[in-house]
Every structure is written in C-alpha cells, then in structure tokens.
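Undergrad: The structure is given below, and queries will be raised subsequently.
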Amino acid sequence: MGKFAQIVIGPAGSGKSTYCKAIQEHANTLKRVIHVVNLDPAAEEFYYQCSFNIKDLITLQDVMEELQLGPNGGLVYCMEYLMQNFEEWFAEELNDYEDDYLLIDCPGQIELYSHVPIMQLFVKELERRGYRVCCVYCMDVQFIEDVTKYISGVTQALSSMVQFETPHVNVFTKCDLIKPKSEQAKTLEKLKVPEKIELLNYLEKETNPHKRNKSFSKLNEAIISLIENFNMVGFLELDISDEESVNYVLSYTDMCLQYGEDLEAKEPVDEVEEDEDDNDE
C-alpha cells in the first residue's frame, strides 16, 4: 500500500489537533484507518485517538523543571532529544504502523520551523524510511480580520514550504465560525488565493492609511512582492461541521501524497453482479 504521513504544523492555537481529529473521524466513516501521532511534548489533552505520543519519551514540564529552561528552550531541547532517540524510540513505534497513513500533530512554536533545522531533519528521516510526506500548514481563519496577522501567517507558511521541500497544503481552520454572506466570508474568498494589488491595498490601509511614510510603503510593497514572486501560497477552507469540506481537504492531501495510486483497481459492483449471474446460468 505504501507509507504516507501528513506533518501538521501551524501557530499555537491554530487548530492543528482539531484538524487531526476531523480528518481521523472522517476517515473512519470511509472505512479508512488513519493513525494520529502526537509530537507536542507540552500537549495536555487529546480529542483524537492517539496511536503514540512523544510524552511517553519526554515531556516539556520535566525538561523545564530539571534543566531550568523556559518553554521555548525546553521545547527545542525536547525535539532535539527526539531526534537523538529516533532509532531507539520513534522508529520502534513506527514498526507497529508499517504501511499505514499517519497524521503527525506537531508543536506550534515558530522556532522549530525557522531558527533550528530539527523538523526538516525529522521529515528527511521519514522520507529516508520510505514515507511519502506532505506538510499541512494550519492558520486560524480569524487572522483575515487583521491583515498584519494574515501576512505574518502567509510568510510563515511560505517559509515552511521552502524549508521542508515537500508537497505543501495550506488550510484555513475554524471556517465553521464564519457566517455565510458576511463581510468575513467575502474577505475569506479574496484571501484564499491572494492577489498582489488587493493584498497591498489591505496592508497599506491597515499600516499606512494616509501614505505619509514612503519607507513604510516600500516595505509593504517588498513584502507583498516576495509573496507574489513565489506564487505558491493559497488556502483551502476547513469547516469541520461540513463533511464535504473535510472530505475535500482529505482528498486534496491524498492527491499531494499520491495516496491510492498503489491500490489495486476494483471492478464496479454492477459488473461483478453480471459476472456472477453469467456463472449461475
């Protein structure tokens, strides 16, 4: 069947765990088995069925108490410890899920995706073991209300896309909170696939409304041009209350992973029934 893994990343509170829960539950309705792995040593509560958990190896609280580190430094230490024990612990856990589809719920601290190469090394190790890997970047849809937060999220998504060098899917989470035909819904449609001029107008209106600061305008234009030049950032909507929305996101990530290409083709039910009737005659 093959090995497949979604690396689920995004800022803290962006809905990564909810995404994993929604995808896992939807897969169950499709009679598919998807295992969720928790890679956040600070996570306290799980809403999904967790197949294995980094907290069985190390916890952020223990590191902070024993090494007198802060939350960010402690988290970096935990992830470095994971990589040091990849063969002894993570690889052993993986052996129980050979040829399975994994959702890996990752920590939200940006340091892991910008300052240190830990997560890139983690992804490379999965690929070395034969996994097809797709990165799913989750961003809270409420970020569209503040264009500066939206730009921050988009640039972080772009940075992750460049660093991981894997198929990449960006997802607006919590879209069930957006009321149909509202101003938020209209803004969402415009920002799913942002256009340079419109995005620049939003940013100028928010940060330099009277255009008195030419340097600020040049900075805004440079940031928007950076996003436009890569031309890689677009978002899917995830409404966990809508089965079609969840199915579309899962189907899209499946396509990125080339999931199902190794499965044997099945005969249509009608053809099978006709063959059985012919044999009876």
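Within each chain, counting starts at residue 1; across the structure tokens, chains are named A, B, ... in the order shown, with ligands numbered 1 upward in that order.
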When you look at Gln163 in chain A with a cut-off of 10 Å (counting only C-alpha atoms), what residues show up, excluding the ones that are within fewer than 5 positions of it in the same chain? I need them as a list in words.
TA: Tyr113, Ser114, Pro117, Met119, Gln120, Ala157 and Leu158 of chain A
Undergrad: Among the residues of range 36-280 of chain A, find those DSSP assigns to alpha helix (DSSP H) from the backbone and print them as a PyMOL selection string.
TA: chain A and resi 60-67+71-84+91-94+111-114+118-128+147-164+183-191+196-207+214-230+243-257+269-280
Undergrad: Quote the spacing between CA of Met83 in chain A and CA of Val171 in chain A in Å to one decimal place.
TA: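 These atoms are spaced 27.3 Å apart.
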Undergrad: Given only C-alpha atoms as the basis, pick out the residue of A:Glu221, A:Ala42, A:Met79, A:Val246 nearest to Lys21 in chain A.
TA: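 Of A:Glu221, A:Ala42, A:Met79, A:Val246, the one nearest Lys21 in chain A is A:Val246, counting only C-alpha atoms.
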Undergrad: Of the residues A:Ile178, A:Cys78, A:Val169, A:Ile23, which is the one nearest to Tyr101 in chain A, using only C-alpha atoms?
TA: A:Ile23
Undergrad: In terms of the shortest atom-to-atom distance over only C-alpha atoms, which of A:Pro194, A:Gly10, A:Pro209, A:Pro167 is closest to Gln258 in chain A?
TA: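 Using only C-alpha atoms, the shortest distance to Gln258 in chain A belongs to A:Pro167.
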Undergrad: Hey, which of A:Phe122, A:Tyr202, A:Phe4, A:Phe230 ends up closest to Met255 in chain A? Count only C-alpha atoms.
TA: A:Phe4
Undergrad: Could you tell me which of A:Val233, A:Val63, A:Val249, A:Leu69 comes closest to Pro41 in chain A if we count only C-alpha atoms?
TA: A:Val63
Undergrad: Pick out the closest residue to Leu238 in chain A from this set: A:Lys214, A:Arg128, A:Lys181, A:Lys174. Count only C-alpha atoms.
TA: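 Among the listed residues, A:Lys174 lies closest to Leu238 in chain A.
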Undergrad: With a distance cut-off of 12 Å and only C-alpha atoms, select the neighbouring residues of Tyr77 in chain A, excluding the residue or stretch itself and same-chain residues fewer than 4 positions from it, and output the selection as a list in words.
TA: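 Residues meeting the cut-off are Pro41, Ile58, Thr59, Leu60, Gln61, Asp62, Val63, Met64, Glu66, Leu67, Gln68, Leu69, Gly70, Pro71, Asn72, Gly73, Tyr81, Leu82, Met83, Gln84, Glu111, Leu112, Val116 and Ile118 of chain A.
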Undergrad: Can you measure CA of His115 in chain A to CA of Leu75 in chain A for me? One decimal in Å is fine.
TA: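 Interatomic distance here is 12.8 Å.
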Undergrad: Leaving out Leu94 in chain A and any residue of its chain fewer than 2 positions from it, which residues lie within 12 Å of it when counting only C-alpha atoms, given as a list of chain:residue names?
TA: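 In the requested format, the answer is A:Lys3, A:Phe4, A:Ala5, A:His35, A:Val36, A:Val37, A:Ser51, A:Phe52, A:Asn53, A:Phe86, A:Glu87, A:Glu88, A:Trp89, A:Phe90, A:Ala91, A:Glu92, A:Asp96, A:Tyr97, A:Glu98, A:Asp99, A:Asp100, A:Tyr101, A:Leu102, A:Ile104, A:Leu126, A:Arg129, A:Gly130, A:Tyr131.
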Undergrad: Set the distance at 10 Å and use only C-alpha atoms: which residues neighbour Asp254 in chain A once local chain neighbours fewer than 6 positions away are removed? I'd like the list as a PyMOL selection string.
TA: chain A and resi 4-6+134+248+260-261
Undergrad: For the selection just defined, write its residues with N, CA and C atoms to a file, as a PDB file, in the first residue's frame.
TA:
ATOM      1  N   PHE A   4       2.527   6.766   4.209  1.00  0.00           N
ATOM      2  CA  PHE A   4       2.120   8.142   3.991  1.00  0.00           C
ATOM      3  C   PHE A   4       2.072   8.888   5.323  1.00  0.00           C
ATOM      4  N   ALA A   5       2.481  10.164   5.298  1.00  0.00           N
ATOM      5  CA  ALA A   5       2.461  10.963   6.523  1.00  0.00           C
ATOM      6  C   ALA A   5       2.138  12.412   6.210  1.00  0.00           C
ATOM      7  N   GLN A   6       1.188  12.961   6.951  1.00  0.00           N
ATOM      8  CA  GLN A   6       0.932  14.396   6.924  1.00  0.00           C
ATOM      9  C   GLN A   6       1.615  15.015   8.146  1.00  0.00           C
ATOM     10  N   CYS A 134       3.670  14.921   3.253  1.00  0.00           N
ATOM     11  CA  CYS A 134       3.016  16.171   2.870  1.00  0.00           C
ATOM     12  C   CYS A 134       2.924  17.055   4.099  1.00  0.00           C
ATOM     13  N   TYR A 248     -13.042  17.195   1.117  1.00  0.00           N
ATOM     14  CA  TYR A 248     -12.259  17.881   0.078  1.00  0.00           C
ATOM     15  C   TYR A 248     -10.810  18.068   0.529  1.00  0.00           C
ATOM     16  N   GLY A 260      -3.322   6.108  -2.868  1.00  0.00           N
ATOM     17  CA  GLY A 260      -4.289   5.356  -3.653  1.00  0.00           C
ATOM     18  C   GLY A 260      -3.773   4.896  -4.993  1.00  0.00           C
ATOM     19  N   GLU A 261      -2.645   5.446  -5.430  1.00  0.00           N
ATOM     20  CA  GLU A 261      -2.118   5.040  -6.733  1.00  0.00           C
ATOM     21  C   GLU A 261      -1.599   3.611  -6.726  1.00  0.00           C
TER      22      GLU A 261
END
Undergrad: Could you list, as a list in words, every residue within 12 Å of Leu177 in chain A, counting only C-alpha atoms and ignoring same-chain residues fewer than 3 positions away?
TA: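 Once the adjacent positions are removed, what remains is Asp140, Val141, Gln142, Phe172, Thr173, Lys174, Pro180, Ser182, Gln184, Ala185, Leu188, Glu237, Leu238, Asp239, Ile240, Ser241 and Asp242 of chain A.
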Undergrad: Write out as an mmCIF file with C-alpha atoms, in the first residue's frame all residues of range 33-156 of chain A that backbone DSSP assigns to strand (DSSP E).
TA:
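Printed below is out_37.cif as written:
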data_model
loop_
_atom_site.group_PDB
_atom_site.id
_atom_site.type_symbol
_atom_site.label_atom_id
_atom_site.label_comp_id
_atom_site.auth_asym_id
_atom_site.auth_seq_id
_atom_site.Cartn_x
_atom_site.Cartn_y
_atom_site.Cartn_z
ATOM 1 C CA ILE A 34 -5.563 6.909 9.843
ATOM 2 C CA HIS A 35 -3.288 6.970 12.874
ATOM 3 C CA VAL A 36 -2.543 10.213 14.721
ATOM 4 C CA VAL A 37 0.834 10.767 16.376
ATOM 5 C CA ASN A 38 1.329 13.498 18.984
ATOM 6 C CA CYS A 50 -3.575 8.949 19.712
ATOM 7 C CA SER A 51 -1.583 5.982 18.424
ATOM 8 C CA PHE A 52 1.661 7.020 20.048
ATOM 9 C CA ASN A 53 2.807 10.042 21.972
ATOM 10 C CA TYR A 101 -1.303 6.535 6.961
ATOM 11 C CA LEU A 102 -0.092 8.905 9.703
ATOM 12 C CA LEU A 103 -1.138 12.373 10.847
ATOM 13 C CA ILE A 104 1.686 13.879 12.904
ATOM 14 C CA ASP A 105 0.423 16.634 15.199
ATOM 15 C CA TYR A 131 7.322 7.651 3.632
ATOM 16 C CA ARG A 132 5.615 9.999 1.222
ATOM 17 C CA VAL A 133 5.349 13.202 3.238
ATOM 18 C CA CYS A 134 3.016 16.171 2.870
ATOM 19 C CA CYS A 135 3.168 19.266 5.063
ATOM 20 C CA VAL A 136 -0.184 20.740 6.164
ATOM 21 C CA TYR A 137 0.051 24.310 7.474
ATOM 22 C CA CYS A 138 -2.970 25.344 9.579
ATOM 23 C CA MET A 139 -3.894 29.000 10.029
ATOM 24 C CA ASP A 140 -6.824 30.308 12.071
#
Undergrad: What is the distance, in Å and to one decimal place, between CA of Asp146 in chain A and CA of Asp40 in chain A?
TA: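 Computing the Euclidean distance for CA of Asp146 in chain A and CA of Asp40 in chain A yields 27.6 Å.
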